[in-house]
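File shown here: upload11.json, holding JSON, C-alpha atoms and all ligand atoms.
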```json
[["chain", "number", "residue", "atom", "x", "y", "z"],
["A", 1, "MET", "CA", 108.67, 101.82, 144.72],
["A", 2, "ILE", "CA", 111.39, 100.42, 146.94],
["A", 3, "ASP", "CA", 114.89, 101.85, 146.25],
["A", 4, "LEU", "CA", 117.60, 100.19, 148.33],
["A", 5, "ARG", "CA", 120.57, 101.45, 146.30],
["A", 6, "ALA", "CA", 122.03, 103.28, 149.33],
["A", 7, "PHE", "CA", 122.32, 99.87, 151.01],
["A", 8, "SER", "CA", 123.79, 98.04, 148.01],
["A", 9, "LEU", "CA", 127.45, 97.00, 147.73],
["A", 10, "GLU", "CA", 127.22, 96.29, 144.01],
["A", 11, "GLY", "CA", 130.58, 97.09, 142.36],
["A", 12, "LYS", "CA", 132.42, 97.34, 145.70],
["A", 13, "GLN", "CA", 135.39, 95.26, 146.74],
["A", 14, "VAL", "CA", 135.69, 94.56, 150.47],
["A", 15, "LEU", "CA", 138.46, 92.79, 152.38],
["A", 16, "VAL", "CA", 137.49, 90.68, 155.42],
["A", 17, "THR", "CA", 140.10, 89.24, 157.80],
["A", 18, "GLY", "CA", 139.40, 85.87, 159.40],
["A", 19, "ALA", "CA", 136.85, 84.99, 156.72],
["A", 20, "ASN", "CA", 137.11, 81.20, 157.13],
["A", 21, "THR", "CA", 134.79, 80.81, 160.12],
["A", 22, "GLY", "CA", 132.56, 82.45, 162.73],
["A", 23, "ILE", "CA", 131.75, 86.15, 162.53],
["A", 24, "GLY", "CA", 134.18, 86.73, 159.64],
["A", 25, "GLN", "CA", 132.43, 84.08, 157.56],
["A", 26, "GLY", "CA", 129.05, 85.59, 158.46],
["A", 27, "ILE", "CA", 130.29, 89.03, 157.40],
["A", 28, "ALA", "CA", 131.69, 87.66, 154.12],
["A", 29, "LEU", "CA", 128.33, 86.04, 153.31],
["A", 30, "SER", "CA", 126.33, 89.18, 154.14],
["A", 31, "LEU", "CA", 128.63, 91.41, 152.07],
["A", 32, "ALA", "CA", 128.45, 89.02, 149.11],
["A", 33, "ARG", "CA", 124.66, 88.90, 149.40],
["A", 34, "ALA", "CA", 124.64, 92.72, 149.21],
["A", 35, "GLY", "CA", 126.62, 92.53, 145.94],
["A", 36, "ALA", "CA", 130.22, 93.04, 147.10],
["A", 37, "LYS", "CA", 133.19, 91.15, 145.77],
["A", 38, "VAL", "CA", 134.74, 89.78, 148.97],
["A", 39, "ILE", "CA", 138.45, 89.22, 149.49],
["A", 40, "GLY", "CA", 138.88, 86.86, 152.42],
["A", 41, "ILE", "CA", 142.09, 87.05, 154.40],
["A", 42, "GLY", "CA", 143.17, 84.18, 156.62],
["A", 43, "ARG", "CA", 145.73, 81.61, 157.62],
["A", 44, "SER", "CA", 143.37, 78.60, 157.31],
["A", 45, "SER", "CA", 141.50, 77.23, 154.31],
["A", 46, "MET", "CA", 138.60, 79.45, 153.28],
["A", 47, "ASP", "CA", 137.06, 76.80, 151.00],
["A", 48, "GLU", "CA", 133.86, 76.56, 153.05],
["A", 49, "THR", "CA", 133.25, 80.32, 152.78],
["A", 50, "ALA", "CA", 134.10, 80.24, 149.06],
["A", 51, "SER", "CA", 131.65, 77.42, 148.48],
["A", 52, "LEU", "CA", 128.82, 79.11, 150.43],
["A", 53, "ILE", "CA", 129.33, 82.33, 148.45],
["A", 54, "ASN", "CA", 129.57, 80.49, 145.13],
["A", 55, "GLN", "CA", 126.24, 78.81, 145.91],
["A", 56, "MET", "CA", 124.64, 82.27, 146.01],
["A", 57, "ASP", "CA", 126.42, 83.30, 142.77],
["A", 58, "GLY", "CA", 128.56, 85.75, 144.72],
["A", 59, "ASN", "CA", 132.21, 86.67, 144.31],
["A", 60, "PHE", "CA", 134.91, 85.52, 146.71],
["A", 61, "ILE", "CA", 138.70, 85.48, 146.52],
["A", 62, "ALA", "CA", 140.89, 83.95, 149.23],
["A", 63, "HIS", "CA", 144.26, 85.45, 150.14],
["A", 64, "THR", "CA", 146.55, 83.82, 152.70],
["A", 65, "CYS", "CA", 148.12, 85.92, 155.46],
["A", 66, "ASP", "CA", 149.11, 85.19, 159.05],
["A", 67, "LEU", "CA", 148.10, 88.31, 160.97],
["A", 68, "GLY", "CA", 150.22, 87.19, 163.89],
["A", 69, "ASP", "CA", 153.26, 88.09, 161.76],
["A", 70, "SER", "CA", 153.49, 91.85, 161.27],
["A", 71, "ALA", "CA", 155.93, 91.46, 158.36],
["A", 72, "GLN", "CA", 153.11, 89.73, 156.44],
["A", 73, "THR", "CA", 150.40, 92.09, 157.70],
["A", 74, "ARG", "CA", 152.33, 95.21, 156.70],
["A", 75, "ASP", "CA", 152.36, 94.27, 152.98],
["A", 76, "LEU", "CA", 148.87, 92.82, 152.87],
["A", 77, "VAL", "CA", 146.82, 95.75, 151.55],
["A", 78, "ASP", "CA", 149.39, 96.79, 148.92],
["A", 79, "THR", "CA", 149.73, 93.21, 147.68],
["A", 80, "VAL", "CA", 145.98, 92.68, 147.43],
["A", 81, "TRP", "CA", 145.44, 96.13, 145.85],
["A", 82, "GLU", "CA", 148.08, 95.42, 143.15],
["A", 83, "LYS", "CA", 146.73, 91.95, 142.46],
["A", 84, "HIS", "CA", 142.97, 92.48, 142.61],
["A", 85, "GLY", "CA", 142.44, 96.22, 142.15],
["A", 86, "ALA", "CA", 141.17, 98.98, 144.41],
["A", 87, "ILE", "CA", 139.54, 98.12, 147.72],
["A", 88, "ASP", "CA", 136.48, 100.04, 148.93],
["A", 89, "GLY", "CA", 136.23, 98.68, 152.45],
["A", 90, "ILE", "CA", 138.05, 96.62, 155.03],
["A", 91, "ILE", "CA", 136.66, 94.63, 157.93],
["A", 92, "ASN", "CA", 139.21, 94.00, 160.66],
["A", 93, "ASN", "CA", 137.57, 90.92, 162.14],
["A", 94, "ALA", "CA", 140.29, 88.34, 162.94],
["A", 95, "GLY", "CA", 140.87, 88.03, 166.66],
["A", 96, "ILE", "CA", 142.06, 85.69, 169.39],
["A", 97, "ILE", "CA", 141.47, 85.37, 173.11],
["A", 98, "ARG", "CA", 143.58, 83.88, 175.92],
["A", 99, "ARG", "CA", 142.19, 83.19, 179.40],
["A", 100, "ASN", "CA", 144.16, 83.16, 182.65],
["A", 101, "ASP", "CA", 144.29, 84.89, 186.03],
["A", 102, "ALA", "CA", 145.96, 88.29, 185.65],
["A", 103, "ALA", "CA", 148.63, 87.35, 188.20],
["A", 104, "ASP", "CA", 149.65, 84.33, 186.10],
["A", 105, "PHE", "CA", 149.15, 85.91, 182.69],
["A", 106, "SER", "CA", 152.18, 85.29, 180.45],
["A", 107, "GLU", "CA", 153.89, 87.92, 178.35],
["A", 108, "ASP", "CA", 153.32, 85.74, 175.29],
["A", 109, "ASP", "CA", 149.58, 85.70, 175.94],
["A", 110, "TRP", "CA", 149.74, 89.49, 176.14],
["A", 111, "ASP", "CA", 151.84, 89.96, 172.98],
["A", 112, "ASP", "CA", 150.06, 87.40, 170.78],
["A", 113, "VAL", "CA", 146.63, 88.89, 171.47],
["A", 114, "LEU", "CA", 147.75, 92.50, 171.03],
["A", 115, "GLU", "CA", 149.48, 91.59, 167.75],
["A", 116, "VAL", "CA", 146.42, 90.03, 166.08],
["A", 117, "ASN", "CA", 143.65, 92.07, 167.74],
["A", 118, "LEU", "CA", 145.15, 95.56, 167.72],
["A", 119, "LYS", "CA", 148.41, 95.91, 165.80],
["A", 120, "ALA", "CA", 147.14, 94.09, 162.70],
["A", 121, "PRO", "CA", 143.99, 96.28, 162.46],
["A", 122, "PHE", "CA", 146.21, 99.37, 162.81],
["A", 123, "LEU", "CA", 148.67, 98.27, 160.09],
["A", 124, "ILE", "CA", 145.88, 97.22, 157.73],
["A", 125, "SER", "CA", 143.90, 100.43, 158.31],
["A", 126, "GLN", "CA", 147.01, 102.58, 157.87],
["A", 127, "ALA", "CA", 147.95, 100.91, 154.57],
["A", 128, "PHE", "CA", 144.34, 101.15, 153.34],
["A", 129, "GLY", "CA", 144.10, 104.81, 154.41],
["A", 130, "ARG", "CA", 147.31, 105.70, 152.58],
["A", 131, "ARG", "CA", 146.02, 104.16, 149.34],
["A", 132, "VAL", "CA", 142.54, 105.69, 149.58],
["A", 133, "LEU", "CA", 143.93, 109.16, 150.36],
["A", 134, "ALA", "CA", 146.58, 108.98, 147.64],
["A", 135, "GLU", "CA", 143.99, 108.02, 145.03],
["A", 136, "ASN", "CA", 141.33, 110.42, 146.34],
["A", 137, "ARG", "CA", 138.78, 107.63, 146.73],
["A", 138, "ARG", "CA", 136.14, 106.87, 149.37],
["A", 139, "GLY", "CA", 136.75, 104.13, 151.91],
["A", 140, "LYS", "CA", 135.02, 102.35, 154.78],
["A", 141, "ILE", "CA", 136.79, 100.75, 157.71],
["A", 142, "VAL", "CA", 134.88, 98.49, 160.09],
["A", 143, "ASN", "CA", 136.68, 97.15, 163.14],
["A", 144, "ILE", "CA", 135.27, 94.29, 165.16],
["A", 145, "ALA", "CA", 135.33, 95.41, 168.77],
["A", 146, "SER", "CA", 133.64, 93.63, 171.71],
["A", 147, "LEU", "CA", 131.53, 94.18, 174.81],
["A", 148, "LEU", "CA", 135.01, 94.22, 176.35],
["A", 149, "SER", "CA", 135.57, 97.54, 174.56],
["A", 150, "PHE", "CA", 133.20, 98.86, 177.27],
["A", 151, "GLN", "CA", 133.58, 96.37, 180.12],
["A", 152, "GLY", "CA", 136.62, 94.74, 181.70],
["A", 153, "GLY", "CA", 135.70, 91.07, 181.61],
["A", 154, "ILE", "CA", 137.59, 88.68, 183.86],
["A", 155, "ARG", "CA", 140.69, 86.54, 183.24],
["A", 156, "VAL", "CA", 141.04, 88.02, 179.73],
["A", 157, "VAL", "CA", 143.29, 90.99, 180.42],
["A", 158, "SER", "CA", 145.06, 91.17, 177.04],
["A", 159, "TYR", "CA", 141.77, 90.72, 175.17],
["A", 160, "ALA", "CA", 140.04, 93.50, 177.14],
["A", 161, "ALA", "CA", 143.03, 95.81, 176.60],
["A", 162, "SER", "CA", 143.10, 95.04, 172.86],
["A", 163, "LYS", "CA", 139.37, 95.66, 172.44],
["A", 164, "HIS", "CA", 139.46, 98.93, 174.41],
["A", 165, "GLY", "CA", 142.37, 99.79, 172.07],
["A", 166, "ILE", "CA", 140.18, 99.05, 169.04],
["A", 167, "ALA", "CA", 137.70, 101.68, 170.27],
["A", 168, "GLY", "CA", 140.53, 104.24, 170.50],
["A", 169, "LEU", "CA", 141.94, 103.28, 167.11],
["A", 170, "THR", "CA", 138.47, 103.64, 165.56],
["A", 171, "LYS", "CA", 137.90, 107.10, 167.02],
["A", 172, "ASP", "CA", 141.35, 108.50, 166.18],
["A", 173, "LEU", "CA", 141.23, 107.34, 162.55],
["A", 174, "ALA", "CA", 137.65, 108.59, 162.23],
["A", 175, "ASN", "CA", 138.69, 112.06, 163.43],
["A", 176, "GLU", "CA", 141.71, 112.21, 161.14],
["A", 177, "TRP", "CA", 139.92, 111.01, 158.02],
["A", 178, "ALA", "CA", 136.32, 112.24, 158.44],
["A", 179, "THR", "CA", 136.73, 115.09, 155.94],
["A", 180, "ARG", "CA", 138.80, 112.96, 153.59],
["A", 181, "GLY", "CA", 136.27, 110.38, 152.51],
["A", 182, "ILE", "CA", 137.04, 107.56, 154.93],
["A", 183, "ASN", "CA", 134.49, 106.40, 157.50],
["A", 184, "VAL", "CA", 135.83, 104.43, 160.44],
["A", 185, "ASN", "CA", 133.45, 102.58, 162.75],
["A", 186, "ALA", "CA", 133.40, 99.50, 164.93],
["A", 187, "ILE", "CA", 130.85, 96.84, 165.73],
["A", 188, "ALA", "CA", 130.84, 95.44, 169.25],
["A", 189, "PRO", "CA", 129.27, 91.98, 169.02],
["A", 190, "GLY", "CA", 127.52, 90.59, 172.05],
["A", 191, "TYR", "CA", 127.69, 86.87, 172.73],
["A", 192, "ILE", "CA", 127.83, 85.21, 169.31],
["A", 193, "ASP", "CA", 127.75, 81.48, 168.62],
["A", 194, "THR", "CA", 131.31, 80.86, 167.26],
["A", 195, "ASN", "CA", 134.58, 79.05, 168.17],
["A", 196, "ASN", "CA", 135.57, 82.10, 170.23],
["A", 197, "THR", "CA", 132.75, 81.44, 172.72],
["A", 198, "GLU", "CA", 132.85, 77.63, 172.63],
["A", 199, "ALA", "CA", 134.39, 77.44, 176.14],
["A", 200, "LEU", "CA", 131.57, 79.59, 177.55],
["A", 201, "ARG", "CA", 128.84, 77.54, 175.90],
["A", 202, "ALA", "CA", 130.49, 74.29, 177.04],
["A", 203, "ASP", "CA", 130.15, 75.41, 180.69],
["A", 204, "PRO", "CA", 126.41, 74.89, 181.49],
["A", 205, "LYS", "CA", 126.41, 77.32, 184.45],
["A", 206, "ARG", "CA", 128.18, 80.15, 182.59],
["A", 207, "SER", "CA", 126.14, 79.52, 179.47],
["A", 208, "GLN", "CA", 122.85, 79.78, 181.42],
["A", 209, "GLU", "CA", 124.01, 82.94, 183.23],
["A", 210, "ILE", "CA", 124.89, 84.60, 179.92],
["A", 211, "LEU", "CA", 121.67, 83.61, 178.17],
["A", 212, "GLY", "CA", 119.58, 84.76, 181.13],
["A", 213, "ARG", "CA", 121.11, 88.24, 180.90],
["A", 214, "ILE", "CA", 120.59, 88.78, 177.15],
["A", 215, "PRO", "CA", 117.33, 90.74, 176.69],
["A", 216, "ALA", "CA", 116.83, 89.21, 173.22],
["A", 217, "GLY", "CA", 116.82, 85.76, 174.87],
["A", 218, "ARG", "CA", 119.22, 84.15, 172.40],
["A", 219, "TRP", "CA", 122.90, 84.09, 171.46],
["A", 220, "GLY", "CA", 123.78, 86.18, 168.44],
["A", 221, "LYS", "CA", 124.47, 84.70, 164.99],
["A", 222, "PRO", "CA", 127.35, 85.67, 162.68],
["A", 223, "SER", "CA", 124.77, 87.07, 160.24],
["A", 224, "ASP", "CA", 123.58, 89.54, 162.91],
["A", 225, "ILE", "CA", 127.04, 91.10, 162.73],
["A", 226, "GLY", "CA", 127.35, 90.62, 158.96],
["A", 227, "ASP", "CA", 124.21, 92.60, 158.18],
["A", 228, "THR", "CA", 125.41, 95.52, 160.34],
["A", 229, "ALA", "CA", 128.73, 95.42, 158.47],
["A", 230, "VAL", "CA", 126.83, 95.75, 155.17],
["A", 231, "PHE", "CA", 125.24, 98.97, 156.42],
["A", 232, "LEU", "CA", 128.61, 100.33, 157.58],
["A", 233, "CYS", "CA", 130.16, 99.61, 154.15],
["A", 234, "ALA", "CA", 127.27, 101.10, 152.20],
["A", 235, "ALA", "CA", 126.52, 104.69, 151.18],
["A", 236, "ALA", "CA", 123.60, 104.64, 153.65],
["A", 237, "SER", "CA", 126.09, 105.17, 156.50],
["A", 238, "ASP", "CA", 128.15, 107.97, 154.87],
["A", 239, "TYR", "CA", 127.48, 110.39, 157.79],
["A", 240, "LEU", "CA", 128.27, 107.77, 160.44],
["A", 241, "THR", "CA", 131.84, 107.72, 161.73],
["A", 242, "GLY", "CA", 133.79, 107.22, 164.95],
["A", 243, "THR", "CA", 131.19, 105.01, 166.59],
["A", 244, "VAL", "CA", 131.37, 101.65, 168.33],
["A", 245, "ILE", "CA", 127.98, 100.05, 167.70],
["A", 246, "PRO", "CA", 126.91, 97.28, 170.06],
["A", 247, "VAL", "CA", 125.08, 94.44, 168.31],
["A", 248, "ASP", "CA", 124.36, 92.53, 171.47],
["A", 249, "GLY", "CA", 120.67, 91.67, 171.77],
["A", 250, "GLY", "CA", 120.39, 94.43, 174.38],
["A", 251, "TRP", "CA", 123.17, 93.22, 176.74],
["A", 252, "LEU", "CA", 124.66, 96.67, 177.44],
["A", 253, "ALA", "CA", 121.24, 98.23, 178.01],
["A", 254, "ARG", "CA", 120.51, 95.85, 180.85],
["B", 1, "LIG", "P1", 136.59, 82.59, 165.77],
["B", 1, "LIG", "O1", 135.49, 81.74, 165.27],
["B", 1, "LIG", "O2", 137.60, 82.05, 166.72],
["B", 1, "LIG", "O3", 137.30, 83.28, 164.53],
["B", 1, "LIG", "C1", 138.45, 84.06, 164.67],
["B", 1, "LIG", "C2", 139.00, 84.34, 163.29],
["B", 1, "LIG", "O4", 140.25, 85.04, 163.40],
["B", 1, "LIG", "C3", 139.30, 83.05, 162.54],
["B", 1, "LIG", "O5", 139.02, 83.23, 161.19],
["B", 1, "LIG", "C4", 140.78, 82.90, 162.77],
["B", 1, "LIG", "O6", 141.45, 82.08, 161.85],
["B", 1, "LIG", "C5", 141.21, 84.34, 162.63],
["B", 1, "LIG", "N1", 142.56, 84.50, 163.10],
["B", 1, "LIG", "C6", 143.03, 84.35, 164.36],
["B", 1, "LIG", "N2", 144.37, 84.51, 164.39],
["B", 1, "LIG", "C7", 144.75, 84.76, 163.11],
["B", 1, "LIG", "C8", 146.00, 85.00, 162.48],
["B", 1, "LIG", "N3", 147.14, 84.99, 163.17],
["B", 1, "LIG", "N4", 146.03, 85.24, 161.16],
["B", 1, "LIG", "C9", 144.89, 85.22, 160.43],
["B", 1, "LIG", "N5", 143.68, 84.99, 160.96],
["B", 1, "LIG", "C10", 143.62, 84.77, 162.28],
["B", 1, "LIG", "O7", 135.97, 83.81, 166.56],
["B", 1, "LIG", "P2", 134.81, 84.84, 166.21],
["B", 1, "LIG", "O8", 133.88, 84.81, 167.34],
["B", 1, "LIG", "O9", 134.30, 84.65, 164.84],
["B", 1, "LIG", "O10", 135.64, 86.19, 166.34],
["B", 1, "LIG", "C11", 135.75, 87.14, 165.29],
["B", 1, "LIG", "C12", 135.96, 88.52, 165.91],
["B", 1, "LIG", "O11", 134.83, 88.87, 166.70],
["B", 1, "LIG", "C13", 137.17, 88.58, 166.86],
["B", 1, "LIG", "O12", 137.82, 89.82, 166.71],
["B", 1, "LIG", "C14", 136.52, 88.49, 168.23],
["B", 1, "LIG", "O13", 137.29, 89.08, 169.22],
["B", 1, "LIG", "C15", 135.24, 89.26, 167.98],
["B", 1, "LIG", "N6", 134.16, 89.01, 168.94],
["B", 1, "LIG", "C16", 133.56, 87.79, 169.03],
["B", 1, "LIG", "C17", 132.51, 87.63, 169.94],
["B", 1, "LIG", "C18", 131.76, 86.34, 170.07],
["B", 1, "LIG", "O14", 130.86, 86.27, 170.92],
["B", 1, "LIG", "N7", 132.01, 85.32, 169.29],
["B", 1, "LIG", "C19", 132.12, 88.67, 170.76],
["B", 1, "LIG", "C20", 132.78, 89.88, 170.65],
["B", 1, "LIG", "C21", 133.79, 90.05, 169.73],
["B", 1, "LIG", "P3", 141.76, 80.52, 162.26],
["B", 1, "LIG", "O15", 140.46, 79.79, 162.12],
["B", 1, "LIG", "O16", 142.79, 80.13, 161.27],
["B", 1, "LIG", "O17", 142.27, 80.52, 163.68]]
```
What do you get writing this file as structure tokens?
Amino acid sequence: MIDLRAFSLEGKQVLVTGANTGIGQGIALSLARAGAKVIGIGRSSMDETASLINQMDGNFIAHTCDLGDSAQTRDLVDTVWEKHGAIDGIINNAGIIRRNDAADFSEDDWDDVLEVNLKAPFLISQAFGRRVLAENRRGKIVNIASLLSFQGGIRVVSYAASKHGIAGLTKDLANEWATRGINVNAIAPGYIDTNNTEALRADPKRSQEILGRIPAGRWGKPSDIGDTAVFLCAAASDYLTGTVIPVDGGWLAR
């Protein structure tokens, strides 16, 4: 008999930032497929995600928040918790990237990226942790890191710094909360076919170089990340914490 209950998210409520498109949409769909009620957080319409989840008879609620504005981010978890009930997991997925030579990199391009990619995940995780600890519940935090949590990249200095920061945030929170029922992990996606990588795919030379270096021989799909997020939100991963898991078709092994 097959018993997959340890991998089920039935009865769980999980918040996903940036759920309107790309990896966040893929994660929302995977979580819903595993039985979770998904609360999508974003600044753009999430109708497409809602419709895809409704088609599979899943549960999806959209909640608007601009994660570039820390005043909004700070209240997010409490507001959602009061309105929709306890949250079992959060996926800090929303992220932006700015490209320029380091010598010409503007302070705005530094601040904007750090705000969305690192400060927002910290504020959201902190607010979630406070609630989970106060109510003596279990919680799962999944941060979306990057290959640039391990490597430096080029012409993306604020992005690389933010994603290295995500690895540090993940490990600190994991250490502090490991005995208190909260697991904190990160997924480092490889090259995934989304808006974020559109510029790379539009450049035939760069695109070919990247593809030629991926052992799996293909770009990743949002569902590749989504299905790993399901595992990290499920009871099956209860002894897994403080890790940054590459889901990269073998890129880092090469
Ligand atoms: P994407 O398609 O550009 O999606 C980014 C998401 O973040 C969108 O939902 C976007 O909303 C949201 N977002 C950005 N700024 C926001 C703000 N101020 N407030 C609320 N939401 C905001 O990129 P993606 O590839 O799916 O990226 C998702 C995550 O994966 C990011 O953290 C990225 O760094 C990471 N990642 C991606 C790759 C890859 O190959 N694609 C690789 C490694 C890591 P809008 O649509 O409204 O802008």
> Near Asp112 (chain A), counting all atoms listed in the file, which residues have an atom at most 12 Å away, once you skip same-chain residues fewer than 3 positions from it, shown as a ChimeraX atom specification?
Replying inline: /A:66-70,95-98,106-109,115-120,158-159,162
>> When you look at Ala103 (chain A) with a cut-off of 12 Å (counting all atoms listed in the file), what residues show up, excluding the ones that are within fewer than 2 positions of it in the same chain? I need them as a PyMOL selection string.
In response: chain A and resi 99-101+105-107+154-157
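The two atoms in question, CA of Asp57 (chain A) and CA of Arg5 (chain A), are spaced 19.4 Å apart.
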Please build the interface table for chain A against ligand LIG 1 (chain B) with a cut-off of 9 Å, listing for each qualifying residue the nearest atom pair and the distance in Å to one decimal; count all atoms listed in the file, order rows by chain and increasing number, and write it as a tab-separated table.
```
residue	atom	partner	partner_atom	distance
A:Thr17	CA	B:LIG1	N5	6.4
A:Gly18	CA	B:LIG1	O5	3.2
A:Ala19	CA	B:LIG1	O5	5.3
A:Asn20	CA	B:LIG1	O5	4.9
A:Thr21	CA	B:LIG1	O5	5.0
A:Gly22	CA	B:LIG1	O9	3.5
A:Ile23	CA	B:LIG1	O9	3.8
A:Gly24	CA	B:LIG1	O9	5.6
A:Gln25	CA	B:LIG1	O9	7.5
A:Gly26	CA	B:LIG1	O9	8.3
A:Ile41	CA	B:LIG1	C9	6.9
A:Gly42	CA	B:LIG1	C9	4.3
A:Arg43	CA	B:LIG1	C9	4.7
A:Ser44	CA	B:LIG1	O16	4.3
A:Ser45	CA	B:LIG1	O16	7.6
A:Met46	CA	B:LIG1	O5	8.8
A:Thr64	CA	B:LIG1	C9	8.0
A:Cys65	CA	B:LIG1	C9	6.0
A:Asp66	CA	B:LIG1	N4	3.7
A:Leu67	CA	B:LIG1	N4	3.7
A:Gly68	CA	B:LIG1	N3	3.9
A:Asp69	CA	B:LIG1	N3	7.0
A:Thr73	CA	B:LIG1	N4	8.8
A:Asn92	CA	B:LIG1	O12	7.5
A:Asn93	CA	B:LIG1	O12	4.7
A:Ala94	CA	B:LIG1	O4	3.3
A:Gly95	CA	B:LIG1	O12	3.5
A:Ile96	CA	B:LIG1	C6	5.3
A:Ile97	CA	B:LIG1	O13	6.8
A:Asp112	CA	B:LIG1	N3	8.5
A:Val113	CA	B:LIG1	N2	8.6
A:Glu115	CA	B:LIG1	N3	8.4
A:Val116	CA	B:LIG1	N3	5.9
A:Asn117	CA	B:LIG1	O12	6.3
A:Asn143	CA	B:LIG1	O12	8.2
A:Ile144	CA	B:LIG1	O12	5.4
A:Ala145	CA	B:LIG1	C21	5.7
A:Ser146	CA	B:LIG1	C20	4.0
A:Leu147	CA	B:LIG1	C20	6.1
A:Leu148	CA	B:LIG1	C20	7.5
A:Tyr159	CA	B:LIG1	O13	7.6
A:Lys163	CA	B:LIG1	O13	7.6
A:Ile187	CA	B:LIG1	C21	8.4
A:Ala188	CA	B:LIG1	C20	6.1
A:Pro189	CA	B:LIG1	C20	4.4
A:Gly190	CA	B:LIG1	C19	5.1
A:Tyr191	CA	B:LIG1	O14	3.7
A:Ile192	CA	B:LIG1	O14	3.6
A:Asp193	CA	B:LIG1	N7	5.8
A:Thr194	CA	B:LIG1	O1	4.7
A:Asn195	CA	B:LIG1	O1	4.1
A:Asn196	CA	B:LIG1	O2	4.1
A:Thr197	CA	B:LIG1	N7	5.2
A:Glu198	CA	B:LIG1	N7	8.4
A:Trp219	CA	B:LIG1	O14	8.3
A:Gly220	CA	B:LIG1	O14	7.5
A:Lys221	CA	B:LIG1	N7	8.7
A:Pro222	CA	B:LIG1	O9	7.3
A:Asp248	CA	B:LIG1	C19	8.7
```
>> Using only C-alpha atoms, list the residues that have an atom at most 10 Å from (130.5, 109.0, 157.0), coordinates as in the file, as a PyMOL selection string.
In response: chain A and resi 138-140+174+177-185+232-242
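Shortest separation to Asp47 (chain A) among A:Glu176, A:Gly212, A:Ile61, A:Gly35 occurs at residue A:Ile61, atoms counted being all atoms listed in the file.
In this comparison, which uses all atoms listed in the file, the residue of A:Gly249, A:Gly226, A:Gly217, A:Gly89 approaching Ser30 (chain A) most closely is A:Gly226.
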> Quick one: of A:Arg137, A:Ala160, A:Ala186, A:Phe122, who's nearest to Ala102 (chain A), counting only C-alpha atoms?
Replying inline: A:Ala160
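Atom to atom, CA of His164 (chain A) and CA of Leu114 (chain A) stand 11.0 Å apart.
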Need the shell around region 80-82 of chain A: protein/DNA/RNA residues with any atom at most 10 Å away, counting all atoms listed in the file. Skip same-chain ones fewer than 6 positions apart. Format as a CSV table (one decimal) with C-alpha atoms, in the coordinates of the input?
```
chain,number,residue,atom,x,y,z
A,15,LEU,CA,138.5,92.8,152.4
A,39,ILE,CA,138.4,89.2,149.5
A,41,ILE,CA,142.1,87.0,154.4
A,63,HIS,CA,144.3,85.4,150.1
A,128,PHE,CA,144.3,101.2,153.3
A,131,ARG,CA,146.0,104.2,149.3
```
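Going from CA of Leu4 (chain A) over to CA of Gly40 (chain A), you cover 25.4 Å.
For the set A:Met1, A:Leu252, A:Leu173, A:Val38, the residue with the smallest atom-to-atom gap to Gly58 (chain A) is A:Val38, counting only C-alpha atoms.
Counting all atoms listed in the file, the residue from A:Ile124, A:Ile141, A:Ile27, A:Ile245 that sits nearest to Asp78 (chain A) is A:Ile124.
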> So which one's closest to Ser51 (chain A), A:Ile214, A:Thr228, A:Asn136, A:Leu29? Using only C-alpha atoms, please.
Replying inline: A:Leu29
